[in-house]
Amino acid sequence: MVQGYTGRFAPSPTGPLHAGSLVAALASWLDARAVGGTWLVRIEDVDTPRCLPGMDALILQQLAACGLQPDAPPTYQSHRSPLYQQALDQLVASGWAYPCACSRKEIEVACAAQGQVRSRNAELVYPGTCRSGLHGRPARAWRLRTDKFKENRPLAHIPPTSVAINLIVNGILTWNDRLLGPQQQNLAAEVGDFVLRRADGLWAYQLAVVVDDAARGITHVVRGQDLADNTPRQIWLQQALGLPTPQYLHTPLVLGPNGEKLSKQNGAQALDLAQPLAALNAAAGVLGLPAAGGDVASALAQWVVQWNS
Ligand code: GLU
């Protein structure tokens, strides 16, 4: 029993669950159930133009068919804008966030002048142009400073029993992923001041995730490895907002025929509602669990026992 364990699965309703997303769903459910914890579902519909109508209901139906029932009704990010605004206001008041007037083109020009090449995920590191003010230009987006925390410090709120070793040393953030082991990133050098509210007015994933995980008291985040690279940004934001840092476990990805993460774009089939056990067995295999026969309930019960052993 892990005291007060609360985990979550946070699908974006941009497509149905498929073999890849089921791995994260099953792993987060098993991790919670194996310690008698609470498991929640959050629909991440913050990027509204990318969401498809009815997809939330389909995903919940697919989870139910797989026996993955949340302990409370799901929450929707699209209903939570006032909370994201409150967090942004707090960050602005404490000098962490600032408005940015730069267009994509201007950022490209400034980065080229610095000799910057697109390396990390084909993203440019924001050169910090608007840190010193807008100089009369209209604000487009809001960004978080990554040049704070110059001093070395352990991250706040880590429970003494935690296996995490979260630490900021000389601007390098180190944390311990429960599966991947010790990880580190120099946010200022590798990512730069990142967007909290986009130029189109939409809330950035990083801010929404951090506010929502804290609001629901999430202690353990279990999700796909493609999101591991976001973790330092989220830990940084938690620190800036004075919020606790959960423990992180990033699950292996299922690759599509082109060798990239399986997604709707590279031909992922929606999980077949008529064959939930077959889909669960495939997901369990990716997690290193043995195949299970019988029905969905008995397979899940078997894996709950095997999860931490
Ligand atoms: N909504 C994200 C996705 O579907 C997951 C975010 C998270 O688990 O932090 O990829």
# chains A, B, ... in the order shown; residues from 1 in each chain; ligands from 1
>>> residues_around(residues="range 51-65 of chain A", least_positions_apart="3", cutoff="7 Å", atoms="only C-alpha atoms", output="tab-separated table (two decimals) with C-alpha atoms, in the first residue's frame")
chain	number	residue	atom	x	y	z
A	13	PRO	CA	-9.35	13.16	-27.69
A	14	THR	CA	-7.69	13.52	-31.08
A	15	GLY	CA	-8.29	9.87	-32.00
A	16	PRO	CA	-9.43	6.58	-30.47
A	17	LEU	CA	-7.24	4.53	-28.15
A	43	ILE	CA	-9.50	14.32	-21.03
A	45	ASP	CA	-8.91	18.67	-24.83
A	47	ASP	CA	-5.84	22.03	-27.93
A	48	THR	CA	-9.44	22.32	-29.15
A	68	LEU	CA	-10.03	0.20	-16.79
A	69	GLN	CA	-12.57	2.13	-14.75
A	273	LEU	CA	-13.99	-3.06	-28.69
A	276	PRO	CA	-10.40	-6.17	-25.47
>>> residues_near_ligand(ligand="ligand 1", cutoff="8 Å", atoms="only C-alpha atoms and all ligand atoms", output="count of residues only")
17
>>> residues_around(residues="Arg233 in chain A", least_positions_apart="4", cutoff="9 Å", atoms="only C-alpha atoms", output="list in words")
Thr146, Leu187, Val191, Phe194, Gln206, Asp229, Leu237 and Gln238 of chain A
>>> write_last_selection(atoms="N, CA, C and O atoms", output="PDB file, in the first residue's frame")
ATOM      1  N   THR A 146      13.443  30.266 -18.006  1.00  0.00           N
ATOM      2  CA  THR A 146      14.195  29.061 -17.625  1.00  0.00           C
ATOM      3  C   THR A 146      15.574  29.438 -17.094  1.00  0.00           C
ATOM      4  O   THR A 146      16.425  28.581 -16.885  1.00  0.00           O
ATOM      5  N   LEU A 187      17.555  23.079 -19.051  1.00  0.00           N
ATOM      6  CA  LEU A 187      16.386  23.679 -19.695  1.00  0.00           C
ATOM      7  C   LEU A 187      16.727  24.957 -20.462  1.00  0.00           C
ATOM      8  O   LEU A 187      16.285  25.131 -21.594  1.00  0.00           O
ATOM      9  N   VAL A 191      16.076  23.945 -24.130  1.00  0.00           N
ATOM     10  CA  VAL A 191      14.670  24.213 -24.454  1.00  0.00           C
ATOM     11  C   VAL A 191      14.412  25.717 -24.555  1.00  0.00           C
ATOM     12  O   VAL A 191      13.764  26.190 -25.482  1.00  0.00           O
ATOM     13  N   PHE A 194       9.845  28.649 -22.326  1.00  0.00           N
ATOM     14  CA  PHE A 194       8.809  27.967 -23.120  1.00  0.00           C
ATOM     15  C   PHE A 194       7.429  28.606 -22.938  1.00  0.00           C
ATOM     16  O   PHE A 194       7.173  29.331 -21.985  1.00  0.00           O
ATOM     17  N   GLN A 206       1.965  22.135 -21.313  1.00  0.00           N
ATOM     18  CA  GLN A 206       2.800  22.107 -20.094  1.00  0.00           C
ATOM     19  C   GLN A 206       2.082  22.734 -18.908  1.00  0.00           C
ATOM     20  O   GLN A 206       2.102  22.187 -17.804  1.00  0.00           O
ATOM     21  N   ASP A 229      10.576  13.794 -22.382  1.00  0.00           N
ATOM     22  CA  ASP A 229      11.291  15.034 -22.654  1.00  0.00           C
ATOM     23  C   ASP A 229      10.565  16.277 -22.088  1.00  0.00           C
ATOM     24  O   ASP A 229      11.162  17.330 -21.909  1.00  0.00           O
ATOM     25  N   LEU A 237       8.037  24.064 -13.847  1.00  0.00           N
ATOM     26  CA  LEU A 237       6.781  24.796 -13.622  1.00  0.00           C
ATOM     27  C   LEU A 237       6.230  24.530 -12.225  1.00  0.00           C
ATOM     28  O   LEU A 237       5.724  25.434 -11.562  1.00  0.00           O
ATOM     29  N   GLN A 238       6.317  23.267 -11.795  1.00  0.00           N
ATOM     30  CA  GLN A 238       5.849  22.935 -10.437  1.00  0.00           C
ATOM     31  C   GLN A 238       6.621  23.761  -9.420  1.00  0.00           C
ATOM     32  O   GLN A 238       6.052  24.308  -8.477  1.00  0.00           O
TER      33      GLN A 238
END
>>> residues_around(residues="Val109 in chain A", least_positions_apart="5", cutoff="12 Å", atoms="only C-alpha atoms", output="list in words")
Cys102, Ser103, Arg104, Gln114, Gly115, Gln116, Val117, Leu124, Tyr126, Pro127 and Thr129 of chain A
>>> write_last_selection(atoms="all heavy atoms", output="tab-separated table (two decimals), in the first residue's frame")
chain	number	residue	atom	x	y	z
A	102	CYS	N	7.18	38.00	-30.14
A	102	CYS	CA	7.89	37.46	-31.31
A	102	CYS	C	7.02	36.53	-32.16
A	102	CYS	O	6.34	35.65	-31.63
A	102	CYS	CB	9.12	36.68	-30.86
A	102	CYS	SG	10.32	37.69	-29.98
A	103	SER	N	7.09	36.72	-33.46
A	103	SER	CA	6.45	35.77	-34.37
A	103	SER	C	7.45	34.62	-34.60
A	103	SER	O	8.64	34.75	-34.29
A	103	SER	CB	6.13	36.45	-35.70
A	103	SER	OG	7.35	36.80	-36.32
A	104	ARG	N	6.95	33.54	-35.17
A	104	ARG	CA	7.82	32.40	-35.48
A	104	ARG	C	9.00	32.84	-36.36
A	104	ARG	O	10.14	32.48	-36.13
A	104	ARG	CB	6.98	31.34	-36.20
A	104	ARG	CG	7.68	30.03	-36.42
A	104	ARG	CD	6.71	29.03	-36.96
A	104	ARG	NE	5.76	28.60	-35.94
A	104	ARG	CZ	5.96	27.57	-35.10
A	104	ARG	NH1	7.07	26.88	-35.18
A	104	ARG	NH2	5.07	27.25	-34.20
A	114	GLN	N	22.21	33.92	-34.03
A	114	GLN	CA	23.03	33.32	-32.95
A	114	GLN	C	23.77	32.09	-33.44
A	114	GLN	O	24.45	31.42	-32.67
A	114	GLN	CB	22.11	32.85	-31.81
A	114	GLN	CG	21.54	33.93	-30.93
A	114	GLN	CD	20.70	33.32	-29.80
A	114	GLN	OE1	20.31	32.16	-29.87
A	114	GLN	NE2	20.45	34.10	-28.77
A	115	GLY	N	23.51	31.69	-34.69
A	115	GLY	CA	24.14	30.48	-35.23
A	115	GLY	C	23.48	29.21	-34.72
A	115	GLY	O	24.07	28.13	-34.77
A	116	GLN	N	22.24	29.34	-34.28
A	116	GLN	CA	21.55	28.17	-33.71
A	116	GLN	C	21.03	27.26	-34.82
A	116	GLN	O	20.45	27.75	-35.79
A	116	GLN	CB	20.35	28.68	-32.91
A	116	GLN	CG	20.14	27.97	-31.62
A	116	GLN	CD	18.83	28.37	-30.97
A	116	GLN	OE1	17.84	27.70	-31.13
A	116	GLN	NE2	18.83	29.47	-30.24
A	117	VAL	N	21.25	25.99	-34.69
A	117	VAL	CA	20.65	25.04	-35.65
A	117	VAL	C	19.56	24.27	-34.93
A	117	VAL	O	19.65	24.04	-33.73
A	117	VAL	CB	21.70	24.05	-36.22
A	117	VAL	CG1	22.54	24.69	-37.29
A	117	VAL	CG2	22.57	23.48	-35.11
A	124	LEU	N	13.55	25.29	-32.02
A	124	LEU	CA	14.58	26.29	-31.73
A	124	LEU	C	14.50	26.66	-30.26
A	124	LEU	O	13.44	26.59	-29.65
A	124	LEU	CB	14.34	27.52	-32.59
A	124	LEU	CG	14.59	27.34	-34.09
A	124	LEU	CD1	14.03	28.51	-34.87
A	124	LEU	CD2	16.08	27.19	-34.36
A	126	TYR	N	14.26	29.41	-27.70
A	126	TYR	CA	13.86	30.83	-27.75
A	126	TYR	C	15.01	31.71	-27.23
A	126	TYR	O	15.52	31.48	-26.14
A	126	TYR	CB	12.60	31.05	-26.91
A	126	TYR	CG	12.15	32.48	-26.93
A	126	TYR	CD1	11.71	33.06	-28.11
A	126	TYR	CD2	12.22	33.28	-25.78
A	126	TYR	CE1	11.34	34.39	-28.15
A	126	TYR	CE2	11.84	34.60	-25.81
A	126	TYR	CZ	11.40	35.15	-27.00
A	126	TYR	OH	11.04	36.48	-27.04
A	127	PRO	N	15.43	32.70	-28.03
A	127	PRO	CA	16.63	33.46	-27.67
A	127	PRO	C	16.43	34.47	-26.54
A	127	PRO	O	17.37	35.19	-26.19
A	127	PRO	CB	17.01	34.15	-28.98
A	127	PRO	CG	15.76	34.19	-29.79
A	127	PRO	CD	14.90	33.06	-29.35
A	129	THR	N	14.44	37.16	-26.43
A	129	THR	CA	14.26	38.53	-26.91
A	129	THR	C	13.36	39.38	-26.00
A	129	THR	O	13.69	40.52	-25.69
A	129	THR	CB	13.62	38.50	-28.33
A	129	THR	OG1	14.25	37.46	-29.08
A	129	THR	CG2	13.74	39.83	-29.04
>>> closest_residue(among="A:His135, A:Arg140, A:Arg42, A:His18", to="Ile218 in chain A", atoms="only C-alpha atoms")
A:Arg42
>>> select_by_dssp(residues="range 36-100 of chain A", states="alpha helix (DSSP H)", output="list of chain:residue names")
A:Met55, A:Asp56, A:Ala57, A:Leu58, A:Ile59, A:Leu60, A:Gln61, A:Gln62, A:Leu63, A:Ala64, A:Ala65, A:Ser81, A:Pro82, A:Leu83, A:Tyr84, A:Gln85, A:Gln86, A:Ala87, A:Leu88, A:Asp89, A:Gln90, A:Leu91, A:Val92, A:Ala93
>>> closest_residue(among="A:Ser132, A:Gln302, A:Asn170, A:Thr38", to="Gly95 in chain A", atoms="only C-alpha atoms")
A:Ser132
>>> closest_residue(among="A:Leu173, A:Ala270, A:Val210, A:Ser298", to="Gly242 in chain A", atoms="only C-alpha atoms")
A:Val210
>>> atom_distance(atom1="CA of Tyr76 in chain A", atom2="CA of Gln239 in chain A")
24.1 Å
>>> atom_distance(atom1="CA of Asn230 in chain A", atom2="CA of Asp200 in chain A")
21.2 Å
